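Shown below: entry.cif, with mmCIF, N, CA and C atoms.
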data_query
loop_
_atom_site.label_atom_id
_atom_site.label_comp_id
_atom_site.auth_asym_id
_atom_site.auth_seq_id
_atom_site.Cartn_x
_atom_site.Cartn_y
_atom_site.Cartn_z
N MET A 167 -84.13 218.55 214.10
CA MET A 167 -83.71 219.93 214.25
C MET A 167 -82.42 220.11 213.44
N PRO A 168 -82.37 221.10 212.57
CA PRO A 168 -81.13 221.33 211.81
C PRO A 168 -79.96 221.62 212.74
N GLU A 169 -78.77 221.24 212.29
CA GLU A 169 -77.59 221.37 213.15
C GLU A 169 -77.33 222.79 213.61
N ALA A 170 -77.50 223.77 212.73
CA ALA A 170 -77.23 225.16 213.11
C ALA A 170 -78.18 225.61 214.21
N ARG A 171 -79.45 225.24 214.08
CA ARG A 171 -80.43 225.64 215.08
C ARG A 171 -80.15 224.92 216.41
N GLU A 172 -79.79 223.65 216.33
CA GLU A 172 -79.47 222.90 217.54
C GLU A 172 -78.27 223.52 218.27
N ALA A 173 -77.25 223.89 217.51
CA ALA A 173 -76.08 224.52 218.11
C ALA A 173 -76.45 225.85 218.76
N ARG A 174 -77.29 226.62 218.11
CA ARG A 174 -77.72 227.90 218.66
C ARG A 174 -78.52 227.69 219.95
N CYS A 175 -79.40 226.68 219.95
CA CYS A 175 -80.18 226.39 221.15
C CYS A 175 -79.27 225.94 222.29
N ARG A 176 -78.26 225.15 221.98
CA ARG A 176 -77.33 224.72 223.03
C ARG A 176 -76.59 225.90 223.63
N ARG A 177 -76.20 226.85 222.77
CA ARG A 177 -75.52 228.04 223.29
C ARG A 177 -76.44 228.84 224.20
N LEU A 178 -77.72 228.86 223.88
CA LEU A 178 -78.67 229.62 224.68
C LEU A 178 -79.15 228.85 225.90
N GLY A 179 -78.80 227.58 225.98
CA GLY A 179 -79.24 226.77 227.11
C GLY A 179 -80.68 226.31 227.00
N ALA A 180 -81.21 226.26 225.79
CA ALA A 180 -82.62 225.92 225.61
C ALA A 180 -82.87 224.45 225.36
N THR A 181 -81.84 223.62 225.41
CA THR A 181 -82.05 222.20 225.13
C THR A 181 -82.83 221.52 226.23
N HIS A 182 -82.81 222.07 227.43
CA HIS A 182 -83.53 221.42 228.53
C HIS A 182 -85.04 221.41 228.30
N LEU A 183 -85.55 222.30 227.45
CA LEU A 183 -86.99 222.35 227.23
C LEU A 183 -87.50 221.05 226.63
N ALA A 184 -86.92 220.64 225.52
CA ALA A 184 -87.37 219.40 224.87
C ALA A 184 -86.98 218.18 225.70
N GLU A 185 -85.78 218.17 226.23
CA GLU A 185 -85.32 217.02 227.00
C GLU A 185 -86.14 216.86 228.28
N GLY A 186 -86.44 217.96 228.92
CA GLY A 186 -87.21 217.89 230.16
C GLY A 186 -88.60 217.32 229.94
N ASN A 187 -89.26 217.73 228.87
CA ASN A 187 -90.60 217.21 228.60
C ASN A 187 -90.56 215.72 228.30
N SER A 188 -89.55 215.28 227.58
CA SER A 188 -89.48 213.85 227.26
C SER A 188 -89.18 213.03 228.51
N ILE A 189 -88.41 213.59 229.43
CA ILE A 189 -88.12 212.86 230.67
C ILE A 189 -89.38 212.71 231.50
N TRP A 190 -90.18 213.77 231.61
CA TRP A 190 -91.44 213.68 232.37
C TRP A 190 -92.34 212.61 231.76
N ALA A 191 -92.45 212.62 230.44
CA ALA A 191 -93.32 211.65 229.77
C ALA A 191 -92.79 210.23 229.95
N GLU A 192 -91.49 210.06 229.87
CA GLU A 192 -90.89 208.74 230.03
C GLU A 192 -91.08 208.21 231.44
N ARG A 193 -90.90 209.07 232.40
CA ARG A 193 -90.93 208.64 233.79
C ARG A 193 -92.35 208.42 234.30
N TYR A 194 -93.28 209.33 233.98
CA TYR A 194 -94.62 209.27 234.56
C TYR A 194 -95.72 208.95 233.57
N GLY A 195 -95.40 208.82 232.30
CA GLY A 195 -96.43 208.57 231.29
C GLY A 195 -97.05 209.87 230.82
N ILE A 196 -97.84 209.78 229.77
CA ILE A 196 -98.38 211.00 229.16
C ILE A 196 -99.78 211.36 229.66
N LEU A 197 -100.40 210.49 230.44
CA LEU A 197 -101.76 210.75 230.89
C LEU A 197 -101.86 212.03 231.72
N HIS A 198 -100.94 212.22 232.65
CA HIS A 198 -100.99 213.38 233.53
C HIS A 198 -99.85 214.36 233.26
N LEU A 199 -99.33 214.35 232.05
CA LEU A 199 -98.18 215.19 231.73
C LEU A 199 -98.46 216.67 231.94
N GLY A 200 -99.62 217.14 231.59
CA GLY A 200 -99.97 218.55 231.76
C GLY A 200 -99.97 218.96 233.22
N ALA A 201 -100.54 218.11 234.08
CA ALA A 201 -100.58 218.41 235.51
C ALA A 201 -99.17 218.41 236.11
N ILE A 202 -98.35 217.48 235.67
CA ILE A 202 -96.97 217.41 236.18
C ILE A 202 -96.19 218.64 235.75
N ARG A 203 -96.32 219.02 234.48
CA ARG A 203 -95.60 220.20 233.99
C ARG A 203 -96.08 221.47 234.67
N SER A 204 -97.39 221.59 234.90
CA SER A 204 -97.90 222.80 235.55
C SER A 204 -97.44 222.89 237.00
N MET A 205 -97.39 221.76 237.69
CA MET A 205 -96.89 221.76 239.07
C MET A 205 -95.41 222.14 239.09
N ASN A 206 -94.64 221.59 238.18
CA ASN A 206 -93.22 221.92 238.08
C ASN A 206 -93.04 223.42 237.82
N GLN A 207 -93.83 223.97 236.92
CA GLN A 207 -93.74 225.40 236.61
C GLN A 207 -94.12 226.25 237.82
N ALA A 208 -95.16 225.84 238.54
CA ALA A 208 -95.59 226.60 239.71
C ALA A 208 -94.51 226.61 240.79
N VAL A 209 -93.87 225.47 241.00
CA VAL A 209 -92.80 225.39 241.99
C VAL A 209 -91.64 226.30 241.59
N MET A 210 -91.30 226.31 240.30
CA MET A 210 -90.21 227.18 239.84
C MET A 210 -90.56 228.66 240.03
N VAL A 211 -91.80 229.04 239.77
CA VAL A 211 -92.21 230.43 239.94
C VAL A 211 -92.14 230.83 241.40
N VAL A 212 -92.63 229.98 242.29
CA VAL A 212 -92.59 230.28 243.72
C VAL A 212 -91.15 230.38 244.20
N ALA A 213 -90.30 229.46 243.74
CA ALA A 213 -88.90 229.49 244.16
C ALA A 213 -88.20 230.76 243.70
N THR A 214 -88.49 231.21 242.48
CA THR A 214 -87.85 232.43 242.00
C THR A 214 -88.42 233.67 242.68
N ALA A 215 -89.61 233.56 243.24
CA ALA A 215 -90.17 234.69 243.99
C ALA A 215 -89.63 234.73 245.42
N VAL A 216 -89.44 233.57 246.02
CA VAL A 216 -89.02 233.51 247.42
C VAL A 216 -87.51 233.74 247.58
N ALA A 217 -86.71 233.25 246.65
CA ALA A 217 -85.25 233.31 246.80
C ALA A 217 -84.71 234.72 247.01
N PRO A 218 -85.09 235.72 246.21
CA PRO A 218 -84.53 237.05 246.46
C PRO A 218 -84.95 237.64 247.81
N ILE A 219 -86.17 237.34 248.21
CA ILE A 219 -86.64 237.84 249.51
C ILE A 219 -85.84 237.21 250.64
N LEU A 220 -85.66 235.90 250.56
CA LEU A 220 -84.90 235.19 251.59
C LEU A 220 -83.44 235.65 251.62
N LEU A 221 -82.82 235.76 250.47
CA LEU A 221 -81.43 236.21 250.43
C LEU A 221 -81.30 237.65 250.90
N GLY A 222 -82.24 238.51 250.54
CA GLY A 222 -82.22 239.89 251.02
C GLY A 222 -82.36 239.96 252.53
N PHE A 223 -83.26 239.14 253.07
CA PHE A 223 -83.43 239.10 254.53
C PHE A 223 -82.13 238.65 255.20
N LEU A 224 -81.51 237.61 254.65
CA LEU A 224 -80.26 237.12 255.25
C LEU A 224 -79.14 238.16 255.15
N LEU A 225 -79.10 238.87 254.04
CA LEU A 225 -78.10 239.95 253.92
C LEU A 225 -78.38 241.06 254.92
N ASP A 226 -79.65 241.37 255.15
CA ASP A 226 -80.00 242.38 256.16
C ASP A 226 -79.61 241.93 257.57
N GLN A 227 -79.60 240.62 257.80
CA GLN A 227 -79.20 240.08 259.10
C GLN A 227 -77.69 239.95 259.21
N GLU A 228 -76.99 240.53 258.23
CA GLU A 228 -75.53 240.58 258.17
C GLU A 228 -74.88 239.20 258.03
N VAL A 229 -75.56 238.32 257.30
CA VAL A 229 -74.93 237.06 256.90
C VAL A 229 -74.06 237.39 255.70
N GLY A 230 -72.82 236.98 255.72
CA GLY A 230 -71.89 237.35 254.67
C GLY A 230 -72.18 236.68 253.34
N VAL A 231 -71.77 237.33 252.28
CA VAL A 231 -71.95 236.78 250.93
C VAL A 231 -71.21 235.45 250.76
N PRO A 232 -69.98 235.31 251.29
CA PRO A 232 -69.33 234.00 251.17
C PRO A 232 -70.11 232.87 251.85
N VAL A 233 -70.73 233.17 252.98
CA VAL A 233 -71.55 232.17 253.68
C VAL A 233 -72.77 231.81 252.84
N LEU A 234 -73.41 232.82 252.27
CA LEU A 234 -74.57 232.57 251.41
C LEU A 234 -74.17 231.76 250.18
N ALA A 235 -73.05 232.12 249.57
CA ALA A 235 -72.59 231.40 248.38
C ALA A 235 -72.28 229.94 248.72
N ALA A 236 -71.63 229.71 249.84
CA ALA A 236 -71.33 228.33 250.25
C ALA A 236 -72.61 227.56 250.56
N SER A 237 -73.56 228.22 251.19
CA SER A 237 -74.83 227.56 251.50
C SER A 237 -75.58 227.18 250.23
N LEU A 238 -75.62 228.09 249.27
CA LEU A 238 -76.30 227.80 248.01
C LEU A 238 -75.58 226.71 247.23
N ALA A 239 -74.26 226.71 247.28
CA ALA A 239 -73.49 225.64 246.63
C ALA A 239 -73.78 224.30 247.29
N ALA A 240 -73.89 224.30 248.60
CA ALA A 240 -74.21 223.06 249.31
C ALA A 240 -75.61 222.57 248.95
N LEU A 241 -76.57 223.48 248.84
CA LEU A 241 -77.91 223.09 248.42
C LEU A 241 -77.92 222.51 247.02
N ALA A 242 -77.15 223.10 246.12
CA ALA A 242 -77.06 222.57 244.76
C ALA A 242 -76.43 221.18 244.76
N ALA A 243 -75.42 220.98 245.58
CA ALA A 243 -74.78 219.66 245.67
C ALA A 243 -75.74 218.63 246.24
N ILE A 244 -76.51 219.01 247.25
CA ILE A 244 -77.50 218.09 247.83
C ILE A 244 -78.56 217.73 246.79
N ALA A 245 -79.01 218.73 246.04
CA ALA A 245 -80.01 218.47 244.99
C ALA A 245 -79.46 217.53 243.93
N ALA A 246 -78.21 217.74 243.53
CA ALA A 246 -77.60 216.87 242.53
C ALA A 246 -77.45 215.45 243.07
N PHE A 247 -77.07 215.33 244.33
CA PHE A 247 -76.91 214.02 244.95
C PHE A 247 -78.23 213.27 245.02
N THR A 248 -79.29 213.96 245.47
CA THR A 248 -80.59 213.29 245.56
C THR A 248 -81.14 212.95 244.18
N ALA A 249 -80.88 213.79 243.19
CA ALA A 249 -81.31 213.46 241.83
C ALA A 249 -80.58 212.24 241.32
N ARG A 250 -79.30 212.14 241.66
CA ARG A 250 -78.51 210.97 241.25
C ARG A 250 -79.04 209.70 241.92
N ILE A 251 -79.40 209.80 243.19
CA ILE A 251 -79.96 208.64 243.89
C ILE A 251 -81.26 208.21 243.22
N GLY A 252 -82.11 209.19 242.90
CA GLY A 252 -83.38 208.87 242.25
C GLY A 252 -83.19 208.22 240.89
N SER A 253 -82.24 208.72 240.10
CA SER A 253 -82.03 208.13 238.78
C SER A 253 -81.42 206.75 238.89
N THR A 254 -80.59 206.52 239.90
CA THR A 254 -80.01 205.19 240.10
C THR A 254 -81.09 204.20 240.51
N ARG A 255 -81.98 204.61 241.38
CA ARG A 255 -83.08 203.73 241.79
C ARG A 255 -83.98 203.41 240.62
N ASP A 256 -84.27 204.40 239.77
CA ASP A 256 -85.11 204.16 238.61
C ASP A 256 -84.45 203.17 237.66
N GLY A 257 -83.13 203.29 237.50
CA GLY A 257 -82.40 202.37 236.64
C GLY A 257 -82.45 200.95 237.17
N LYS A 258 -82.29 200.81 238.48
CA LYS A 258 -82.36 199.48 239.10
C LYS A 258 -83.76 198.90 238.96
N ARG A 259 -84.78 199.75 239.13
CA ARG A 259 -86.16 199.29 238.99
C ARG A 259 -86.44 198.83 237.56
N ALA A 260 -85.93 199.58 236.59
CA ALA A 260 -86.15 199.24 235.20
C ALA A 260 -85.44 197.92 234.85
N ARG A 261 -84.23 197.74 235.36
CA ARG A 261 -83.50 196.48 235.10
C ARG A 261 -84.20 195.31 235.78
N ALA A 262 -84.73 195.52 236.99
CA ALA A 262 -85.44 194.45 237.70
C ALA A 262 -86.73 194.05 236.97
N ALA A 263 -87.35 195.04 236.32
CA ALA A 263 -88.59 194.77 235.59
C ALA A 263 -88.32 194.21 234.19
N GLY A 264 -87.05 194.12 233.83
CA GLY A 264 -86.70 193.59 232.52
C GLY A 264 -86.67 194.63 231.43
N GLY A 265 -86.58 195.93 231.82
CA GLY A 265 -86.61 197.02 230.83
C GLY A 265 -85.29 197.47 230.38
#
Can the structure in the file be given as structure tokens, please?
Amino acid sequence: MPEAREARCRRLGATHLAEGNSIWAERYGILHLGAIRSMNQAVMVVATAVAPILLGFLLDQEVGVPVLAASLAALAAIAAFTARIGSTRDGKRARAAGG
């Protein structure tokens, strides 16, 4: 990828597209890559459909915005922590297998 295009993609946040696909292939192999990507896409679509409804319901129940923001930040932290645990385990498994 030419440097100018790569820089433009980084500004737009589009680098995860290529990197994400290579991670799926590296981790699970290429045999079922289409099924894995389609499941990932379906989960993202459902999550983006459910989140506004859930947040709207919570706002209607008079849950404050600071409470919602803190809750969402906590969920993001938990997700990052569990992802870190998973990547650490994969690294240990790869080292144990001689990779």
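Atom N of Ile251 (chain A) is positioned 20.0 Å from atom C of Asn206 (chain A).
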task = Give me, please, the distance in Å between atom C of Pro232 (chain A) and atom C of Leu220 (chain A), quoted to one decimal.
result = 13.6 Å
query = Can you tell me, as a ChimeraX atom specification, what residues are no more than 12 Å from Arg203 (chain A) when counting only C-alpha atoms, ignoring any on the same chain fewer than 5 positions away?
reply = /A:183,186-191,194-198,208-210
Next, the residues of the selection above should be written as a PDB file, in the coordinates of the input with N, CA and C atoms.
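Dumped to result-v4.pdb:
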ATOM      1  N   LEU A 183     -85.550 222.300 227.450  1.00  0.00           N
ATOM      2  CA  LEU A 183     -86.990 222.350 227.230  1.00  0.00           C
ATOM      3  C   LEU A 183     -87.500 221.050 226.630  1.00  0.00           C
ATOM      4  N   GLY A 186     -86.440 217.960 228.920  1.00  0.00           N
ATOM      5  CA  GLY A 186     -87.210 217.890 230.160  1.00  0.00           C
ATOM      6  C   GLY A 186     -88.600 217.320 229.940  1.00  0.00           C
ATOM      7  N   ASN A 187     -89.260 217.730 228.870  1.00  0.00           N
ATOM      8  CA  ASN A 187     -90.600 217.210 228.600  1.00  0.00           C
ATOM      9  C   ASN A 187     -90.560 215.720 228.300  1.00  0.00           C
ATOM     10  N   SER A 188     -89.550 215.280 227.580  1.00  0.00           N
ATOM     11  CA  SER A 188     -89.480 213.850 227.260  1.00  0.00           C
ATOM     12  C   SER A 188     -89.180 213.030 228.510  1.00  0.00           C
ATOM     13  N   ILE A 189     -88.410 213.590 229.430  1.00  0.00           N
ATOM     14  CA  ILE A 189     -88.120 212.860 230.670  1.00  0.00           C
ATOM     15  C   ILE A 189     -89.380 212.710 231.500  1.00  0.00           C
ATOM     16  N   TRP A 190     -90.180 213.770 231.610  1.00  0.00           N
ATOM     17  CA  TRP A 190     -91.440 213.680 232.370  1.00  0.00           C
ATOM     18  C   TRP A 190     -92.340 212.610 231.760  1.00  0.00           C
ATOM     19  N   ALA A 191     -92.450 212.620 230.440  1.00  0.00           N
ATOM     20  CA  ALA A 191     -93.320 211.650 229.770  1.00  0.00           C
ATOM     21  C   ALA A 191     -92.790 210.230 229.950  1.00  0.00           C
ATOM     22  N   TYR A 194     -93.280 209.330 233.980  1.00  0.00           N
ATOM     23  CA  TYR A 194     -94.620 209.270 234.560  1.00  0.00           C
ATOM     24  C   TYR A 194     -95.720 208.950 233.570  1.00  0.00           C
ATOM     25  N   GLY A 195     -95.400 208.820 232.300  1.00  0.00           N
ATOM     26  CA  GLY A 195     -96.430 208.570 231.290  1.00  0.00           C
ATOM     27  C   GLY A 195     -97.050 209.870 230.820  1.00  0.00           C
ATOM     28  N   ILE A 196     -97.840 209.780 229.770  1.00  0.00           N
ATOM     29  CA  ILE A 196     -98.380 211.000 229.160  1.00  0.00           C
ATOM     30  C   ILE A 196     -99.780 211.360 229.660  1.00  0.00           C
ATOM     31  N   LEU A 197    -100.400 210.490 230.440  1.00  0.00           N
ATOM     32  CA  LEU A 197    -101.760 210.750 230.890  1.00  0.00           C
ATOM     33  C   LEU A 197    -101.860 212.030 231.720  1.00  0.00           C
ATOM     34  N   HIS A 198    -100.940 212.220 232.650  1.00  0.00           N
ATOM     35  CA  HIS A 198    -100.990 213.380 233.530  1.00  0.00           C
ATOM     36  C   HIS A 198     -99.850 214.360 233.260  1.00  0.00           C
ATOM     37  N   ALA A 208     -95.160 225.840 238.540  1.00  0.00           N
ATOM     38  CA  ALA A 208     -95.590 226.600 239.710  1.00  0.00           C
ATOM     39  C   ALA A 208     -94.510 226.610 240.790  1.00  0.00           C
ATOM     40  N   VAL A 209     -93.870 225.470 241.000  1.00  0.00           N
ATOM     41  CA  VAL A 209     -92.800 225.390 241.990  1.00  0.00           C
ATOM     42  C   VAL A 209     -91.640 226.300 241.590  1.00  0.00           C
ATOM     43  N   MET A 210     -91.300 226.310 240.300  1.00  0.00           N
ATOM     44  CA  MET A 210     -90.210 227.180 239.840  1.00  0.00           C
ATOM     45  C   MET A 210     -90.560 228.660 240.030  1.00  0.00           C
TER      46      MET A 210
END
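Here atom C of Arg193 (chain A) stands at a distance of 11.3 Å from atom C of Gly252 (chain A).
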Please report, as lines of an AutoDock Vina configuration file, the centre and edge lengths in Å to one decimal of an axis-aligned box covering all listed atoms of region 199-215 of chain A with 4 Å per side.
center_x = -94.2
center_y = 224.5
center_z = 238.5
size_x = 20.7
size_y = 28.4
size_z = 21.8
message = Can you tell me, as a VMD selection string, which residues in region 176-240 of chain A count as alpha helix (DSSP H) by DSSP?
response = chain A and resid 176 to 178 181 to 194 199 to 226 231 to 240
